[in-house]
Amino acid sequence: MRSKFLWAALMLTLIGLIPLVIVAQPSQTTAGPTTPDRPVVVRIEYETAQQLQTLAAEVDVWEVHPEAGYLLALVDPGQYADLEAAGYRLEVDAARSAVPETIPEYPCYRTIAELYADLDQVAATYPEIAELETLGTSYDGLPLKALRLTNRAIVKDKPVLLVMANIHGRELITPETAMVFVDYLTQRYGNDPDVTWLLDHHQVHVLVSTNPDGHIKNEPGEPWAWWRKNIHPYGTCLPDDIGVDLNRNHSFKWACCGGSSGYPCSELYRGPSVASEPETQALEAYVRGLFPDQRGPEDTDAAPADTTGVLITLHSYGNLLLWPWGWTSTPPPNVEGLAALGRKMATYNGYSASGGYTLYLTDGTTDDWSYGELGIASYTFEIGRNSDGFYPSCTRYDALIQPNIPALLYAAKVARTPYMTSHGPDALAVSAEPACVPVGIMVHLTAKIDDAANGAGQIAAAEYYVDVPPWDGGTPLPMLAVDGAFDEVSEEVEAAVVTGIDQPGQHILFVRGQDSEGYWGPVSAVFVETPLQGTIEGYVLEAASGLPVPTAGVGLDGVRCDYSVQVDATGYYSAPVNSGVYTVTASAFGYYPETVASVVASCGITTVQNLTLTLIPTGTVQGHVWEAGSGQPLTATIRAEDTPVSTASDDGGAYGLVLPEGGYTLTAQAPGYASGTLEGLQVVAGQVLTGTDLWLEPFDAWVFLPVVVREGGVVRGE
């Protein structure tokens, strides 16, 4: 690498593109004539954009700090010597140069074997929505596995979100992010209405590792830490320099613009030819099979506004969200749509959002290829801040991954027409009350239509659909602004829903809003259940005597719907419910509740579930009620709060209550007296609690002020 870099730097210096930086002062850390004997992370100072571009094309740049005029890069001993010879000021970052043990020291990161085993398990656990595909093999023969997530029973053309990770082997947080997204979708399908409609009507493809050979190089730690490329050897490189940077190998603008290296030992080696690598070939063929070609051949040809599909490639690090182009500073023809979706996703993960060419050129990259060839809305997520590096601590695992889940979910929701839908407002806090209703009963549907993060236009309309979404020809039904007019950036909306939910079963209500520019935003959804498909019935009886417990109530808790009924005088109950599995609980005062799990209700079938209640042992509370001050006994009503138990004191003020064991508050009331309360009583089975006296204040001991009303200066009521 040494002669290659030095030749390039000297030639650019001779033609005036790069002024040599002469080191005027010694480095504050490790700098000077001593060349390290292993790769190190160094701070390299630069003066011009062209210097930065030259460095970025030849060394493994980790961070760029343009405001301070330096970058951070991993260099080998030969590069270090070449940089010094070219006049660059170098400072070794000793802390960042320490070689970590990667996966053995970081238990939150899975190996490729573990990632693939987990993918197999997902496909086996959720066969109705998950299908594992092999799109090709790596240079070393490992399969490239992609998981397709969609409701396989609904067969139709479905828009696609493709999430790919780990094209650079060392970026270990990226396959983890992809797997957490997979878990989010699979575990919520059928219960979360948005995830359910998404996988019913769209499809999500997840490629957890585009470079499994490179990932494996990072697994054992030294000497392969920070391995970026695949492992295909070209030239006469040392074992730790082989491979091709797969994110410089794509067949759009390959080697066009100085954004990659032609030297086989460089970390940015683009390969000997366009799409030379088996990983690149497999990925490009797979993507072409998922997405139609929607853009013309010229760089200035825009994809149509209704272009379908989103591709997101996960990288680390930098907290950046980037869209094409990377090969030129000229904006792409679809820059308005690309920027709208990119900035919207950045509201979820908090990243800095911009076009790919922010600091220096790159060519042959994935997102430039997928947009440039096919017109797909394409993005790069750089996950993690500078201090996280390529191997973030496991304490940062959730903090790095979780903000990206709603961003990916949003991308999936707008994948049908991303350049249009991402301009439209969000439908937030969609709610249906009640969520479980008998057939023919009105449902109150509410939502918040908000355009604050989508262009801040005024809301113009809102509508909902029952069961059939707008893209499948569903019937739009209007929602009204709660305040009476659509004239704000954010509007609370509502509708009374009866039509469409008149058949028993589960229904889904789709809600969307439109802004003043005419853009409809993505739909959000809520489930509504209309029961009466099955019945659960039975008797609630006392365990010891077998007699009915007429005071009992029965609760039935389902996955989405809950019901409650009261028994009759014979202890009988009957609950019409939707089909499903329920937890049934009977309870009554004075009895221990009984719960039976996994009670199945089926359409048109009556399920019998009897329950028995056991009496709670009782104790006795005894005391008196007295008039405060005089100490005279009072006849009063004494109640145990939150129970049906009450009694009256006799002429001598004495009372007694029999209560199940437990804690109680007693309240005494008598005409002409303020109520008295006794808290914290603990009743013990078989025992008599005495000394529980209550003292009531007579009302005539209280002072009441007269009410005076003044009208026109005349006093009334004095």
# chains A, B, ... in the order shown; residues from 1 in each chain; ligands from 1
$ residues_around --residues "Ala429 (chain A)" --least-positions-apart "3" --cutoff "8 Å" --atoms "only C-alpha atoms" --output "list in words"
Thr446, Ala447 and Lys448 of chain A
$ residues_around --residues "Val565 (chain A)" --least-positions-apart "6" --cutoff "9 Å" --atoms "only C-alpha atoms" --output "list in words"
Gly553, Val554, Gly555, Leu556, Tyr573, Ser574 and Ala575 of chain A
$ closest_residue --among "A:Ala569, A:Ala674, A:Leu657, A:Ala377" --to "Ala628 (chain A)" --atoms "only C-alpha atoms"
A:Ala674
$ residues_around --residues "Tyr189 (chain A)" --least-positions-apart "2" --cutoff "12 Å" --atoms "only C-alpha atoms" --output "PyMOL selection string"
chain A and resi 126+128-130+149-151+182-187+191-200
$ closest_atom_pairs --of "region 124-143 of chain A" --to "region 222-242 of chain A" --cutoff "9 Å" --atoms "only C-alpha atoms" --output "JSON lines"
{"residue": "A:Ser138", "atom": "CA", "partner": "A:Asn230", "partner_atom": "CA", "distance": 8.3}
{"residue": "A:Tyr139", "atom": "CA", "partner": "A:His232", "partner_atom": "CA", "distance": 6.2}
{"residue": "A:Asp140", "atom": "CA", "partner": "A:Ile231", "partner_atom": "CA", "distance": 7.6}
$ residues_around --residues "Tyr360 (chain A)" --least-positions-apart "6" --cutoff "10 Å" --atoms "only C-alpha atoms" --output "MDAnalysis selection string"
chainID A and resid 49:57 64 258:259 326:329
$ write_last_selection --atoms "N, CA and C atoms" --output "PDB file, in the first residue's frame"
ATOM      1  N   ALA A  49     -10.595  20.458   0.819  1.00  0.00           N
ATOM      2  CA  ALA A  49     -11.557  19.406   0.490  1.00  0.00           C
ATOM      3  C   ALA A  49     -10.923  18.357  -0.411  1.00  0.00           C
ATOM      4  N   GLN A  50     -10.013  18.776  -1.292  1.00  0.00           N
ATOM      5  CA  GLN A  50      -9.375  17.814  -2.172  1.00  0.00           C
ATOM      6  C   GLN A  50      -8.456  16.878  -1.395  1.00  0.00           C
ATOM      7  N   GLN A  51      -7.772  17.412  -0.382  1.00  0.00           N
ATOM      8  CA  GLN A  51      -6.968  16.539   0.481  1.00  0.00           C
ATOM      9  C   GLN A  51      -7.854  15.502   1.162  1.00  0.00           C
ATOM     10  N   LEU A  52      -8.987  15.949   1.666  1.00  0.00           N
ATOM     11  CA  LEU A  52      -9.914  15.018   2.320  1.00  0.00           C
ATOM     12  C   LEU A  52     -10.362  13.947   1.337  1.00  0.00           C
ATOM     13  N   GLN A  53     -10.690  14.340   0.102  1.00  0.00           N
ATOM     14  CA  GLN A  53     -11.146  13.381  -0.884  1.00  0.00           C
ATOM     15  C   GLN A  53     -10.077  12.340  -1.190  1.00  0.00           C
ATOM     16  N   THR A  54      -8.832  12.788  -1.318  1.00  0.00           N
ATOM     17  CA  THR A  54      -7.744  11.857  -1.608  1.00  0.00           C
ATOM     18  C   THR A  54      -7.536  10.887  -0.457  1.00  0.00           C
ATOM     19  N   LEU A  55      -7.564  11.391   0.756  1.00  0.00           N
ATOM     20  CA  LEU A  55      -7.413  10.522   1.919  1.00  0.00           C
ATOM     21  C   LEU A  55      -8.570   9.526   2.001  1.00  0.00           C
ATOM     22  N   ALA A  56      -9.800  10.006   1.754  1.00  0.00           N
ATOM     23  CA  ALA A  56     -10.975   9.145   1.884  1.00  0.00           C
ATOM     24  C   ALA A  56     -10.973   8.023   0.854  1.00  0.00           C
ATOM     25  N   ALA A  57     -10.282   8.229  -0.277  1.00  0.00           N
ATOM     26  CA  ALA A  57     -10.223   7.199  -1.305  1.00  0.00           C
ATOM     27  C   ALA A  57      -9.136   6.168  -1.051  1.00  0.00           C
ATOM     28  N   VAL A  64     -14.885  12.106  10.326  1.00  0.00           N
ATOM     29  CA  VAL A  64     -14.406  13.352   9.738  1.00  0.00           C
ATOM     30  C   VAL A  64     -14.899  14.502  10.603  1.00  0.00           C
ATOM     31  N   GLY A 258     -13.286   8.855  -8.218  1.00  0.00           N
ATOM     32  CA  GLY A 258     -12.311   9.015  -7.149  1.00  0.00           C
ATOM     33  C   GLY A 258     -12.853   8.711  -5.776  1.00  0.00           C
ATOM     34  N   GLY A 259     -13.977   7.984  -5.728  1.00  0.00           N
ATOM     35  CA  GLY A 259     -14.573   7.661  -4.439  1.00  0.00           C
ATOM     36  C   GLY A 259     -14.278   6.261  -3.968  1.00  0.00           C
ATOM     37  N   GLY A 326     -23.899   9.768  -3.746  1.00  0.00           N
ATOM     38  CA  GLY A 326     -22.604   9.803  -3.095  1.00  0.00           C
ATOM     39  C   GLY A 326     -21.485  10.113  -4.072  1.00  0.00           C
ATOM     40  N   TRP A 327     -21.747   9.901  -5.391  1.00  0.00           N
ATOM     41  CA  TRP A 327     -20.686  10.053  -6.400  1.00  0.00           C
ATOM     42  C   TRP A 327     -20.535  11.483  -6.909  1.00  0.00           C
ATOM     43  N   THR A 328     -21.505  12.367  -6.613  1.00  0.00           N
ATOM     44  CA  THR A 328     -21.446  13.748  -7.072  1.00  0.00           C
ATOM     45  C   THR A 328     -22.176  14.638  -6.081  1.00  0.00           C
ATOM     46  N   SER A 329     -21.795  15.905  -6.078  1.00  0.00           N
ATOM     47  CA  SER A 329     -22.486  16.877  -5.223  1.00  0.00           C
ATOM     48  C   SER A 329     -23.755  17.405  -5.883  1.00  0.00           C
TER      49      SER A 329
END
$ atom_distance --atom1 "CA of Tyr655 (chain A)" --atom2 "CA of Ile616 (chain A)"
21.9 Å
$ select_by_dssp --residues "region 405-549 of chain A" --states "strand (DSSP E)" --output "ChimeraX atom specification"
/A:426-433,443-450,459-466,477-478,480-481,490-497,505-515,524-530,534-542
$ write_last_selection --atoms "C-alpha atoms" --output "PDB file, in the first residue's frame"
ATOM      1  CA  ASP A 426     -49.319  11.183  10.138  1.00  0.00           C
ATOM      2  CA  ALA A 427     -52.381   9.518  11.617  1.00  0.00           C
ATOM      3  CA  LEU A 428     -51.517   9.267  15.301  1.00  0.00           C
ATOM      4  CA  ALA A 429     -53.223   7.911  18.423  1.00  0.00           C
ATOM      5  CA  VAL A 430     -55.895   6.076  16.447  1.00  0.00           C
ATOM      6  CA  SER A 431     -58.479   4.744  18.881  1.00  0.00           C
ATOM      7  CA  ALA A 432     -61.877   3.032  18.719  1.00  0.00           C
ATOM      8  CA  GLU A 433     -64.164   3.088  21.756  1.00  0.00           C
ATOM      9  CA  VAL A 443     -67.996   2.860  17.625  1.00  0.00           C
ATOM     10  CA  HIS A 444     -66.411   6.250  18.324  1.00  0.00           C
ATOM     11  CA  LEU A 445     -63.284   6.480  16.142  1.00  0.00           C
ATOM     12  CA  THR A 446     -60.723   9.170  16.984  1.00  0.00           C
ATOM     13  CA  ALA A 447     -57.250  10.125  15.769  1.00  0.00           C
ATOM     14  CA  LYS A 448     -54.781  12.978  15.556  1.00  0.00           C
ATOM     15  CA  ILE A 449     -53.790  14.020  12.027  1.00  0.00           C
ATOM     16  CA  ASP A 450     -50.433  15.774  12.267  1.00  0.00           C
ATOM     17  CA  ILE A 459     -54.641  19.537   7.474  1.00  0.00           C
ATOM     18  CA  ALA A 460     -57.273  19.473   4.732  1.00  0.00           C
ATOM     19  CA  ALA A 461     -59.137  16.190   5.287  1.00  0.00           C
ATOM     20  CA  ALA A 462     -59.252  12.891   7.135  1.00  0.00           C
ATOM     21  CA  GLU A 463     -60.938   9.633   6.256  1.00  0.00           C
ATOM     22  CA  TYR A 464     -61.253   6.035   7.355  1.00  0.00           C
ATOM     23  CA  TYR A 465     -61.813   2.672   5.676  1.00  0.00           C
ATOM     24  CA  VAL A 466     -63.377  -0.469   7.104  1.00  0.00           C
ATOM     25  CA  LEU A 477     -65.642   7.534   4.872  1.00  0.00           C
ATOM     26  CA  PRO A 478     -65.128  11.071   6.181  1.00  0.00           C
ATOM     27  CA  LEU A 480     -64.629  15.441  11.084  1.00  0.00           C
ATOM     28  CA  ALA A 481     -62.390  17.936  12.823  1.00  0.00           C
ATOM     29  CA  SER A 490     -52.464  19.244  13.739  1.00  0.00           C
ATOM     30  CA  GLU A 491     -56.126  18.299  14.030  1.00  0.00           C
ATOM     31  CA  GLU A 492     -58.067  16.006  16.346  1.00  0.00           C
ATOM     32  CA  VAL A 493     -60.594  14.100  14.226  1.00  0.00           C
ATOM     33  CA  GLU A 494     -63.501  11.758  14.910  1.00  0.00           C
ATOM     34  CA  ALA A 495     -66.193   9.656  13.303  1.00  0.00           C
ATOM     35  CA  ALA A 496     -69.163   7.530  14.377  1.00  0.00           C
ATOM     36  CA  VAL A 497     -68.671   4.080  12.855  1.00  0.00           C
ATOM     37  CA  GLY A 505     -65.617 -10.962  13.944  1.00  0.00           C
ATOM     38  CA  GLN A 506     -62.517  -8.801  13.931  1.00  0.00           C
ATOM     39  CA  HIS A 507     -62.504  -5.640  11.820  1.00  0.00           C
ATOM     40  CA  ILE A 508     -59.675  -3.251  11.066  1.00  0.00           C
ATOM     41  CA  LEU A 509     -60.237   0.481  10.601  1.00  0.00           C
ATOM     42  CA  PHE A 510     -57.674   2.328   8.453  1.00  0.00           C
ATOM     43  CA  VAL A 511     -57.240   6.074   9.087  1.00  0.00           C
ATOM     44  CA  ARG A 512     -55.291   8.617   7.042  1.00  0.00           C
ATOM     45  CA  GLY A 513     -55.070  12.371   6.612  1.00  0.00           C
ATOM     46  CA  GLN A 514     -54.456  14.808   3.787  1.00  0.00           C
ATOM     47  CA  ASP A 515     -52.597  18.113   3.902  1.00  0.00           C
ATOM     48  CA  SER A 524     -52.624   3.830  10.757  1.00  0.00           C
ATOM     49  CA  ALA A 525     -55.090   1.281  12.016  1.00  0.00           C
ATOM     50  CA  VAL A 526     -57.071   0.005  14.970  1.00  0.00           C
ATOM     51  CA  PHE A 527     -58.922  -3.252  15.582  1.00  0.00           C
ATOM     52  CA  VAL A 528     -62.631  -3.450  16.411  1.00  0.00           C
ATOM     53  CA  GLU A 529     -64.219  -6.712  17.581  1.00  0.00           C
ATOM     54  CA  THR A 530     -67.894  -7.512  17.071  1.00  0.00           C
ATOM     55  CA  GLY A 534     -69.581 -18.051  20.612  1.00  0.00           C
ATOM     56  CA  THR A 535     -70.804 -18.381  24.220  1.00  0.00           C
ATOM     57  CA  ILE A 536     -69.134 -19.228  27.497  1.00  0.00           C
ATOM     58  CA  GLU A 537     -71.560 -20.214  30.248  1.00  0.00           C
ATOM     59  CA  GLY A 538     -71.689 -22.050  33.552  1.00  0.00           C
ATOM     60  CA  TYR A 539     -72.471 -21.877  37.275  1.00  0.00           C
ATOM     61  CA  VAL A 540     -70.634 -20.270  40.147  1.00  0.00           C
ATOM     62  CA  LEU A 541     -71.115 -22.425  43.243  1.00  0.00           C
ATOM     63  CA  GLU A 542     -69.822 -22.462  46.794  1.00  0.00           C
TER      64      GLU A 542
END
$ atom_distance --atom1 "CA of Asn166 (chain A)" --atom2 "CA of Asp245 (chain A)"
11.7 Å
$ atom_distance --atom1 "CA of Ser564 (chain A)" --atom2 "CA of Gln533 (chain A)"
16.3 Å
$ residues_around --residues "Glu298 (chain A)" --least-positions-apart "2" --cutoff "12 Å" --atoms "only C-alpha atoms" --output "NGL selection string"
:A and (252-253 or 295-296 or 300-303 or 332-333 or 372-375)
$ closest_residue --among "A:Ala340, A:Ile376, A:Cys436, A:Val204" --to "Pro304 (chain A)" --atoms "only C-alpha atoms"
A:Ile376
$ residues_around --residues "Val489 (chain A)" --least-positions-apart "4" --cutoff "7 Å" --atoms "only C-alpha atoms" --output "ChimeraX atom specification"
/A:450-452,456-459
$ closest_residue --among "A:Pro331, A:Pro324, A:Pro127, A:Pro278" --to "Asp367 (chain A)" --atoms "only C-alpha atoms"
A:Pro324
$ closest_residue --among "A:Ser370, A:Ser598, A:Thr643, A:Gln622" --to "Thr551 (chain A)" --atoms "only C-alpha atoms"
A:Thr643
